[in-house]
Amino acid sequence: MSKKSNPINEKDDSKRDFLVVSTYALAGVGAASFVWPLIDQMNPAADTLALASTEIDLSSLEEGQSITVKWRGKPVFVRHRTPDEIKQAKEVLIDDMRDPQADADRVANEKYIVLVGVCTHLGCVPLGQKTGDIKGQYGGWFCPCHGSHYDHSGRIRKGPAPTNLEVPSYKFLSDTLIRIG
Amino acid sequence: MSKPKFKNPVVKWIDYRLPIFTFMDHELNHYPTPKNLNYFWNFGSLAGIALVTMIITGIVLSMNYTAHVDYAFDSVERIMRDVNHGWLIRYIHMNGASFFFIVVFIHIFRGLYYGSYKAPRELLWILGVLILLLMMATAFMGYVLPWGQMSFWGATVITNLFSAIPVVGESIVTWLWGGFSVDNSTLNRFFSLHFVLPFVIVGVVILHLIALHRFGSNNPIGIDVKGTQDTIPFSPYYTIKDLFGLGVFLTFFAAAVFFFPNFMGHPDNYIEANPMVTPAHIVPEWYFLPFYAILRAIPDKLGGVLFMFGAIAVLFILPWLDRSPVRSSQFRPIFKIFFWVLVADCILLGYLGAMPAEGIYVILSRIATAYYFFHFLVLFPLLPYIEKTKPLPISISEPVLSGAATASAFATREKK
Ligand code: HEM
Ligand code: FES
C-alpha cells in the first residue's frame, strides 16, 4: 500500500509464493514438533533407564566357574578364568584375528572376564557358561546358531560373527564387587 | 465438470487405474460449497481433526498402558512420570476428549439453529447422532482405563443403569462385567472396546461425509444452492478458512493442555480405584452432566434411564418432529428465541448434573428436564402452525449482491 500499486503480476506472484512457502514451512515445523514426542515415547522410559545398572558379588565365584546375570534384559557373562586360560588369552597372536584386540584391553582384572553374552552375529546367546557346554575350538564360547567360536577373552576367532563379544562398561567397587552400567 | 489435469506422471498413471486423485480433487478441491458459510461451519473439520488426534495419541498411549487392575493405575502414573513426553501425550488425549465434545456440541447446535437436519439431510443428521452415541460410549470406557476412583465408580454406576431393565437387567449387568462387580474382566473388555470404537467412528464419519457431499453443505440462510453463482470451490477458500479456525482452536487446546490440564478432570481420579470405598460425591465427566441430571431428575430407576436415553433418542427423530419447511432460524423469529432457551436449558442441566441431588437442585432438574422434552416433542411439531416466518431470499447471491428488500419481494412470489 505504501508504494504505488504495481500492475505487474510477477511481483504479486512472488509475494504469494513467499506466503505459500513460509506457510508450508511453518506447518512442517509444527507437524514435526508434534510428531517427535509420539516417536520419542518409544525410547526407553526414565524407569527403564534407572534399572540400567546391576551389581554383582564375585566372592563366591571359584576359579573356572562362570555366572550369568541379567543386565538391561540381556545376559552378562562373568568368568573367573584359570591361570591357563589367562595365559592362552594373553599370549595368542592377535594380528590375524578378525577383530584384533589385546586381552589386557578387555579386562579390568585379568582374573575376571566380563562380557555381554550376546553373539555379535545375530543376537543368540553363546554356549560355554556351564561345565558341560560346547565351548568351541578356542575353548571360550560357541554360538550354536550359526557356529561362531570365541576364545577365553571373548574374541571372535572363527565363524560368521563380525566382532568380539562386547565388554560392557563396569567398575570394581571392591575386590569382589562389580557394578555394570 | 472438466476432468482434472495432473502433471505428475506417477499420479497420472495411478489415477488412470485407480481414480483416487480424481476423487480427492473432486471432493476436496473443486467441491462447490455455498459461498456464505460462517465460522460455525468450521466445527465439522475440527471434529475430524480431533478424532484423528485422539486416535494417534490413543495408539501411543496403548503402547505404554497395561489393562490389568493391579497395573493400570501405575502404568498411567508411569506414563505421566517416566515415559518420554508421556505427560504431554496423556494430557492431549485427556483434554482432547473434552475438546472433541465441545466441538461436536457446537457442531450439533449449529445444525439445530440452521435446520441442517431437514430434508434432504435427514440421514446425514442421524449418522451424526450415531457418532455422538459412539463417542459417548468410547469416552466412558476410556475414562475407566486409568483405574482411579472416578473410573471405578463411574463404571459401576453407569453399567448398573442396565439393571433397571425389567427381568433381564441383572443378567445383562453381570454379562457386561464378566463377573459380579466391575473387575479385571470389565477393564480388559473396556480397553478392547475403547481401542476399536474410534475406528468404528471413522467408518461412520465416512458415511456422514458421503451423505454430506450428496447435497453439499447447508448454509446460514438455509435455502438451497441455485447454481454456480451461489458457490465457490472448497479449495482454497474453505481450506484456508478451516485452517485459520484450526489455528484458533489449537491455541485454546494448547492453553488447556499446557496450563490447565486437569481443569476438566476430577482430582479423585488420581486416587487408585478402591472397590471398598465410594468417594463422597461422584460425578461423571462434564460432557455427560446434562444427561446425568436428567437421569437423577426422574424419581424412578427405570424411568430415569429411559428419559436419559430418550434425550438422545429424540435427536434421531428430530427431522420428522420439526414440521417447518424453513430451515434457518434467521427466518423463524419465535423458534430463534426458543433455540437460545434450549441452549440455556442444556447448560443449566449440565450445571445441575454437577450439583448434589438434593433440595432445590432436584426441583430445578425436573423443570429443566421437562423443558428439554417439551422443546423437542411439543414445540418442534407445533410451532410451525403458530409461527409466521420471515420471507426467504430468492437465492444465496441475492441478499449479498442486491438489497435484501428486493430479494424478499421475489421470495414471497416464489414461495408458491
Ligand atoms: C473417539 C475417540 C476417543 C475418545 C473420546 C477417548 C477418550 C478417552 C478418555 C476420556 C480417557 C481417560 C483419560 C484420563 O482420564 O486419563 C481415555 C484414556 C485412554 N485412551 Fe482414549 N479416547 C479415544 C480414542 C482412543 C484410541 C483410538 C485409543 C487406542 C488406539 C485410545 C486409548 C486410550 C488409552 C490406552 C487410555 C488410558 C490412558 C489414560 O488414561 O490416559 N483412545 N480415552
Ligand atoms: S547368532 Fe551367533 S552365530 Fe549367528
# chains A, B, ... in the order shown; residues from 1 in each chain; ligands from 1
call {"tool": "residues_around", "arguments": {"residues": "Met42 of chain A", "least_positions_apart": "4", "cutoff": "10 Å", "atoms": "only C-alpha atoms", "output": "list in words"}}
result
Pro37 and Leu38 of chain A; Val60, Met63, Asn64, Val83, Asn84, His85 and Gly86 of chain B
call {"tool": "write_last_selection", "arguments": {"atoms": "all heavy atoms", "output": "short mmCIF file (atom, residue, chain, number, x, y, z; two decimals), in the first residue's frame"}}
result
data_model
loop_
_atom_site.label_atom_id
_atom_site.label_comp_id
_atom_site.auth_asym_id
_atom_site.auth_seq_id
_atom_site.Cartn_x
_atom_site.Cartn_y
_atom_site.Cartn_z
N PRO A 37 7.38 -36.09 19.98
CA PRO A 37 7.01 -36.79 21.22
C PRO A 37 6.38 -38.16 20.97
O PRO A 37 6.60 -39.09 21.74
CB PRO A 37 5.99 -35.85 21.86
CG PRO A 37 6.26 -34.52 21.28
CD PRO A 37 6.78 -34.76 19.90
N LEU A 38 5.65 -38.26 19.86
CA LEU A 38 5.00 -39.54 19.56
C LEU A 38 6.02 -40.62 19.22
O LEU A 38 5.80 -41.79 19.48
CB LEU A 38 4.02 -39.37 18.39
CG LEU A 38 2.92 -38.33 18.60
CD1 LEU A 38 2.08 -38.20 17.34
CD2 LEU A 38 2.06 -38.69 19.78
N VAL B 60 -0.59 -44.35 20.79
CA VAL B 60 0.67 -44.17 21.50
C VAL B 60 0.51 -44.49 23.00
O VAL B 60 1.37 -45.12 23.61
CB VAL B 60 1.16 -42.74 21.26
CG1 VAL B 60 2.22 -42.35 22.24
CG2 VAL B 60 1.69 -42.62 19.83
N MET B 63 0.61 -48.13 23.79
CA MET B 63 1.93 -48.76 23.79
C MET B 63 2.52 -48.79 25.19
O MET B 63 3.46 -49.53 25.46
CB MET B 63 2.88 -47.98 22.88
CG MET B 63 2.49 -48.04 21.42
SD MET B 63 3.71 -47.17 20.45
CE MET B 63 2.92 -47.23 18.85
N ASN B 64 2.00 -47.95 26.08
CA ASN B 64 2.58 -47.86 27.41
C ASN B 64 1.59 -48.21 28.52
O ASN B 64 1.92 -48.14 29.70
CB ASN B 64 3.08 -46.43 27.66
CG ASN B 64 4.13 -46.02 26.66
OD1 ASN B 64 5.23 -46.54 26.68
ND2 ASN B 64 3.78 -45.13 25.75
N VAL B 83 7.67 -42.18 31.04
CA VAL B 83 7.70 -42.32 29.59
C VAL B 83 8.05 -40.98 28.96
O VAL B 83 7.51 -39.94 29.38
CB VAL B 83 6.34 -42.82 29.07
CG1 VAL B 83 6.30 -42.81 27.55
CG2 VAL B 83 6.05 -44.21 29.61
N ASN B 84 8.93 -41.00 27.97
CA ASN B 84 9.33 -39.74 27.32
C ASN B 84 8.10 -39.03 26.77
O ASN B 84 7.38 -39.60 25.95
CB ASN B 84 10.32 -40.01 26.19
CG ASN B 84 11.53 -40.77 26.68
OD1 ASN B 84 11.99 -40.54 27.81
ND2 ASN B 84 12.04 -41.69 25.87
N HIS B 85 7.88 -37.79 27.19
CA HIS B 85 6.75 -36.98 26.75
C HIS B 85 5.40 -37.61 27.08
O HIS B 85 4.39 -37.21 26.54
CB HIS B 85 6.81 -36.69 25.24
CG HIS B 85 8.13 -36.15 24.78
ND1 HIS B 85 8.50 -34.86 25.02
CD2 HIS B 85 9.16 -36.74 24.15
CE1 HIS B 85 9.71 -34.67 24.53
NE2 HIS B 85 10.14 -35.80 24.01
N GLY B 86 5.41 -38.61 27.95
CA GLY B 86 4.16 -39.30 28.28
C GLY B 86 3.11 -38.34 28.83
O GLY B 86 1.93 -38.41 28.47
#
call {"tool": "interface_residues", "arguments": {"of": "chain A", "to": "chain B", "cutoff": "6 Å", "atoms": "only C-alpha atoms", "output": "number ranges by chain"}}
result
A: 37, 41, 45-47
call {"tool": "closest_residue", "arguments": {"among": "B:Val196, B:Leu18, B:Leu124, B:Leu315", "to": "ligand 1", "atoms": "only C-alpha atoms and all ligand atoms"}}
result
B:Val196
call {"tool": "residues_around", "arguments": {"residues": "Lys35 of chain B", "least_positions_apart": "4", "cutoff": "7 Å", "atoms": "only C-alpha atoms", "output": "ChimeraX atom specification"}}
result
/B:230-232
call {"tool": "write_last_selection", "arguments": {"atoms": "N, CA and C atoms", "output": "mmCIF file, in the first residue's frame"}}
result
data_model
loop_
_atom_site.group_PDB
_atom_site.id
_atom_site.type_symbol
_atom_site.label_atom_id
_atom_site.label_comp_id
_atom_site.auth_asym_id
_atom_site.auth_seq_id
_atom_site.Cartn_x
_atom_site.Cartn_y
_atom_site.Cartn_z
ATOM 1 N N ASP B 230 -23.870 -19.291 -6.694
ATOM 2 C CA ASP B 230 -24.024 -19.362 -5.237
ATOM 3 C C ASP B 230 -22.882 -20.096 -4.537
ATOM 4 N N THR B 231 -21.984 -20.677 -5.329
ATOM 5 C CA THR B 231 -20.940 -21.493 -4.694
ATOM 6 C C THR B 231 -19.543 -20.998 -5.039
ATOM 7 N N ILE B 232 -18.591 -21.428 -4.208
ATOM 8 C CA ILE B 232 -17.175 -21.240 -4.503
ATOM 9 C C ILE B 232 -16.506 -22.594 -4.295
#
call {"tool": "closest_residue", "arguments": {"among": "B:Ala370, B:Ile165, B:Ile337, B:Val104", "to": "ligand 1", "atoms": "only C-alpha atoms and all ligand atoms"}}
result
B:Val104
call {"tool": "residues_near_ligand", "arguments": {"ligand": "ligand 2", "cutoff": "9 Å", "atoms": "only C-alpha atoms and all ligand atoms", "output": "PyMOL selection string"}}
result
chain A and resi 118-126+142-149+159-161
call {"tool": "write_last_selection", "arguments": {"atoms": "N, CA, C and O atoms", "output": "compact mmCIF listing (two decimals), in the first residue's frame"}}
result
# COMPACT_ATOMS: atom_id res chain seq x y z
N VAL A 118 25.86 -61.81 24.20
CA VAL A 118 25.03 -61.77 23.00
C VAL A 118 25.94 -61.86 21.80
O VAL A 118 26.81 -61.01 21.60
N CYS A 119 25.77 -62.90 21.00
CA CYS A 119 26.59 -63.10 19.82
C CYS A 119 26.48 -61.89 18.90
O CYS A 119 25.38 -61.38 18.64
N THR A 120 27.63 -61.40 18.43
CA THR A 120 27.62 -60.19 17.61
C THR A 120 27.16 -60.48 16.18
O THR A 120 27.06 -59.57 15.37
N HIS A 121 26.87 -61.75 15.88
CA HIS A 121 26.31 -62.06 14.57
C HIS A 121 24.85 -61.63 14.54
O HIS A 121 24.54 -60.53 14.10
N LEU A 122 23.96 -62.44 15.09
CA LEU A 122 22.54 -62.06 15.03
C LEU A 122 21.84 -62.19 16.37
O LEU A 122 20.63 -62.38 16.45
N GLY A 123 22.63 -62.13 17.44
CA GLY A 123 21.98 -61.95 18.73
C GLY A 123 21.65 -63.18 19.55
O GLY A 123 20.94 -63.06 20.54
N CYS A 124 22.11 -64.39 19.19
CA CYS A 124 21.86 -65.55 20.05
C CYS A 124 22.77 -65.48 21.27
O CYS A 124 23.73 -64.70 21.31
N VAL A 125 22.47 -66.31 22.28
CA VAL A 125 23.31 -66.38 23.46
C VAL A 125 24.27 -67.56 23.29
O VAL A 125 23.83 -68.70 23.20
N PRO A 126 25.58 -67.31 23.22
CA PRO A 126 26.53 -68.40 23.01
C PRO A 126 26.57 -69.37 24.18
O PRO A 126 26.25 -69.02 25.31
N PHE A 142 30.85 -70.77 22.33
CA PHE A 142 30.48 -71.21 20.99
C PHE A 142 29.01 -70.87 20.76
O PHE A 142 28.15 -71.21 21.56
N CYS A 143 28.75 -70.14 19.66
CA CYS A 143 27.35 -69.81 19.38
C CYS A 143 26.76 -70.89 18.48
O CYS A 143 27.23 -71.09 17.37
N PRO A 144 25.73 -71.58 18.97
CA PRO A 144 25.17 -72.70 18.23
C PRO A 144 24.33 -72.25 17.03
O PRO A 144 24.07 -73.06 16.14
N CYS A 145 23.94 -71.00 16.99
CA CYS A 145 23.00 -70.59 15.93
C CYS A 145 23.64 -70.73 14.55
O CYS A 145 23.10 -71.38 13.68
N HIS A 146 24.82 -70.10 14.36
CA HIS A 146 25.45 -70.22 13.06
C HIS A 146 26.93 -70.52 13.17
O HIS A 146 27.70 -70.30 12.26
N GLY A 147 27.31 -71.01 14.37
CA GLY A 147 28.66 -71.50 14.54
C GLY A 147 29.76 -70.47 14.67
O GLY A 147 30.74 -70.50 13.93
N SER A 148 29.65 -69.55 15.63
CA SER A 148 30.75 -68.61 15.88
C SER A 148 31.55 -69.12 17.08
O SER A 148 30.98 -69.48 18.11
N HIS A 149 32.90 -69.12 16.94
CA HIS A 149 33.78 -69.58 18.03
C HIS A 149 34.44 -68.38 18.68
O HIS A 149 35.03 -67.56 17.99
N GLY A 159 33.96 -68.30 12.36
CA GLY A 159 32.50 -68.24 12.24
C GLY A 159 32.05 -66.88 11.75
O GLY A 159 32.87 -66.01 11.49
N PRO A 160 30.76 -66.70 11.58
CA PRO A 160 30.24 -65.51 10.89
C PRO A 160 30.21 -64.21 11.70
O PRO A 160 30.05 -63.15 11.12
N ALA A 161 30.36 -64.28 13.03
CA ALA A 161 30.21 -63.05 13.81
C ALA A 161 31.29 -62.05 13.42
O ALA A 161 32.45 -62.42 13.25
call {"tool": "residues_near_ligand", "arguments": {"ligand": "ligand 1", "cutoff": "7 Å", "atoms": "only C-alpha atoms and all ligand atoms", "output": "PyMOL selection string"}}
result
chain B and resi 51+54-56+58-59+61-62+65+76+90+93-94+97+100+135+138-140+142-146+194-196+198-199+201+265
call {"tool": "residues_around", "arguments": {"residues": "segment 65-81 of chain A", "least_positions_apart": "2", "cutoff": "9 Å", "atoms": "only C-alpha atoms", "output": "PyMOL selection string"}}
result
chain A and resi 48-49+51-54+56+58+61-63+83-86+110-118+125+128-131+152+168+180-181
call {"tool": "select_by_dssp", "arguments": {"residues": "segment 204-279 of chain B", "states": "helix (DSSP H, G or I)", "output": "ChimeraX atom specification"}}
result
/B:204-215,228-230,234-259,267-270
call {"tool": "select_by_dssp", "arguments": {"residues": "segment 30-180 of chain B", "states": "strand (DSSP E or B)", "output": "list in words"}}
result
Pro32, Thr33, Pro34 and Gly148 of chain B
call {"tool": "write_last_selection", "arguments": {"atoms": "C-alpha atoms", "output": "PDB file, in the first residue's frame"}}
result
ATOM      1  CA  PRO B  32     -18.656 -26.496  -4.786  1.00  0.00           C
ATOM      2  CA  THR B  33     -19.541 -25.001  -1.421  1.00  0.00           C
ATOM      3  CA  PRO B  34     -22.104 -22.297  -0.599  1.00  0.00           C
ATOM      4  CA  GLY B 148      -8.821 -44.247  39.524  1.00  0.00           C
TER       5      GLY B 148
END
call {"tool": "atom_distance", "arguments": {"atom1": "atom CA of Ile108 of chain B", "atom2": "atom CA of Lys226 of chain B"}}
result
25.4 Å
call {"tool": "residues_around", "arguments": {"residues": "Tyr150 of chain A", "least_positions_apart": "5", "cutoff": "8 Å", "atoms": "only C-alpha atoms", "output": "MDAnalysis selection string"}}
result
chainID A and resid 136 138:142 155:158 164:165
call {"tool": "write_last_selection", "arguments": {"atoms": "N, CA, C and O atoms", "output": "compact mmCIF listing (two decimals), in the first residue's frame"}}
result
# COMPACT_ATOMS: atom_id res chain seq x y z
N GLY A 136 33.50 -74.63 21.81
CA GLY A 136 34.10 -74.25 20.54
C GLY A 136 35.59 -74.56 20.48
O GLY A 136 36.21 -74.93 21.47
N TYR A 138 38.17 -72.76 20.40
CA TYR A 138 39.12 -71.93 21.14
C TYR A 138 38.84 -71.93 22.63
O TYR A 138 39.41 -71.15 23.37
N GLY A 139 37.92 -72.81 23.05
CA GLY A 139 37.71 -73.06 24.46
C GLY A 139 36.94 -72.00 25.24
O GLY A 139 36.74 -72.13 26.43
N GLY A 140 36.53 -70.94 24.56
CA GLY A 140 35.79 -69.89 25.27
C GLY A 140 34.29 -70.14 25.18
O GLY A 140 33.70 -70.81 26.03
N TRP A 141 33.72 -69.59 24.13
CA TRP A 141 32.28 -69.74 23.95
C TRP A 141 31.99 -70.14 22.51
O TRP A 141 32.78 -69.84 21.61
N PHE A 142 30.85 -70.77 22.33
CA PHE A 142 30.48 -71.21 20.99
C PHE A 142 29.01 -70.87 20.76
O PHE A 142 28.15 -71.21 21.56
N ARG A 155 36.93 -63.15 22.19
CA ARG A 155 37.21 -62.60 20.86
C ARG A 155 36.74 -63.57 19.79
O ARG A 155 36.88 -64.78 19.95
N ILE A 156 36.26 -63.03 18.71
CA ILE A 156 35.78 -63.90 17.64
C ILE A 156 36.98 -64.48 16.91
O ILE A 156 37.90 -63.77 16.51
N ARG A 157 36.99 -65.82 16.74
CA ARG A 157 38.14 -66.46 16.10
C ARG A 157 37.72 -67.20 14.84
O ARG A 157 38.51 -67.39 13.93
N LYS A 158 36.45 -67.61 14.80
CA LYS A 158 36.02 -68.40 13.65
C LYS A 158 34.49 -68.32 13.58
O LYS A 158 33.83 -68.27 14.62
N ASN A 164 34.18 -59.02 18.28
CA ASN A 164 34.31 -59.72 19.57
C ASN A 164 33.05 -59.52 20.41
O ASN A 164 32.32 -58.55 20.21
N LEU A 165 32.86 -60.42 21.39
CA LEU A 165 31.76 -60.20 22.33
C LEU A 165 32.00 -58.87 23.04
O LEU A 165 33.13 -58.56 23.40
call {"tool": "decode", "arguments": {"residues": "segment 47-127 of chain B", "atoms": "C-alpha atoms", "output": "CSV table (one decimal), in the first residue's frame"}}
result
chain,number,residue,atom,x,y,z
B,47,ALA,CA,-14.2,-32.6,14.9
B,48,GLY,CA,-12.5,-34.7,12.2
B,49,ILE,CA,-9.1,-33.4,13.4
B,50,ALA,CA,-10.0,-34.0,17.0
B,51,LEU,CA,-10.9,-37.6,16.1
B,52,VAL,CA,-7.6,-38.1,14.3
B,53,THR,CA,-5.7,-36.6,17.3
B,54,MET,CA,-7.5,-39.0,19.7
B,55,ILE,CA,-6.6,-42.0,17.6
B,56,ILE,CA,-2.9,-41.0,17.2
B,57,THR,CA,-2.4,-40.2,20.9
B,58,GLY,CA,-4.6,-43.2,21.9
B,59,ILE,CA,-2.4,-45.7,19.9
B,60,VAL,CA,0.7,-44.2,21.5
B,61,LEU,CA,-0.9,-44.4,25.0
B,62,SER,CA,-1.7,-48.0,24.4
B,63,MET,CA,1.9,-48.8,23.8
B,64,ASN,CA,2.6,-47.9,27.4
B,65,TYR,CA,-0.7,-48.8,29.1
B,66,THR,CA,-1.4,-52.1,31.0
B,67,ALA,CA,-5.0,-53.2,31.1
B,68,HIS,CA,-4.9,-55.1,34.4
B,69,VAL,CA,-6.5,-54.0,37.8
B,70,ASP,CA,-3.1,-54.4,39.5
B,71,TYR,CA,-1.1,-52.4,37.0
B,72,ALA,CA,-3.4,-50.0,35.2
B,73,PHE,CA,-3.2,-47.1,37.6
B,74,ASP,CA,0.6,-47.5,38.0
B,75,SER,CA,1.1,-47.7,34.2
B,76,VAL,CA,-0.8,-44.4,33.8
B,77,GLU,CA,1.4,-42.9,36.5
B,78,ARG,CA,4.4,-44.2,34.7
B,79,ILE,CA,3.2,-42.6,31.5
B,80,MET,CA,3.0,-39.3,33.4
B,81,ARG,CA,6.4,-39.6,35.1
B,82,ASP,CA,8.7,-41.9,33.2
B,83,VAL,CA,7.7,-42.3,29.6
B,84,ASN,CA,9.3,-39.7,27.3
B,85,HIS,CA,6.8,-37.0,26.7
B,86,GLY,CA,4.2,-39.3,28.3
B,87,TRP,CA,2.6,-36.5,30.3
B,88,LEU,CA,2.1,-34.5,27.1
B,89,ILE,CA,0.6,-37.4,25.2
B,90,ARG,CA,-1.8,-38.2,28.0
B,91,TYR,CA,-2.8,-34.6,28.6
B,92,ILE,CA,-3.5,-34.3,24.9
B,93,HIS,CA,-5.7,-37.4,24.9
B,94,MET,CA,-7.4,-36.4,28.2
B,95,ASN,CA,-8.2,-32.8,27.2
B,96,GLY,CA,-8.7,-33.9,23.6
B,97,ALA,CA,-11.8,-35.9,24.7
B,98,SER,CA,-13.2,-32.7,26.3
B,99,PHE,CA,-12.4,-30.5,23.3
B,100,PHE,CA,-13.8,-33.1,21.0
B,101,PHE,CA,-17.1,-32.9,22.8
B,102,ILE,CA,-17.0,-29.1,22.9
B,103,VAL,CA,-16.5,-29.1,19.1
B,104,VAL,CA,-19.2,-31.7,18.5
B,105,PHE,CA,-21.7,-30.0,20.8
B,106,ILE,CA,-21.2,-26.7,18.9
B,107,HIS,CA,-21.5,-28.6,15.6
B,108,ILE,CA,-24.8,-30.1,16.7
B,109,PHE,CA,-26.3,-26.8,17.9
B,110,ARG,CA,-25.2,-25.3,14.6
B,111,GLY,CA,-27.3,-27.9,12.9
B,112,LEU,CA,-30.2,-27.1,15.2
B,113,TYR,CA,-30.0,-23.4,14.6
B,114,TYR,CA,-29.7,-23.6,10.9
B,115,GLY,CA,-32.1,-26.5,10.4
B,116,SER,CA,-29.4,-28.6,8.8
B,117,TYR,CA,-31.3,-31.8,9.8
B,118,LYS,CA,-34.1,-31.1,7.4
B,119,ALA,CA,-34.8,-32.9,4.1
B,120,PRO,CA,-32.7,-33.9,2.2
B,121,ARG,CA,-30.1,-34.2,5.1
B,122,GLU,CA,-32.0,-36.5,7.5
B,123,LEU,CA,-29.6,-39.4,7.2
B,124,LEU,CA,-26.6,-37.1,7.5
B,125,TRP,CA,-28.1,-35.9,10.8
B,126,ILE,CA,-28.9,-39.4,12.0
B,127,LEU,CA,-25.4,-40.5,11.3
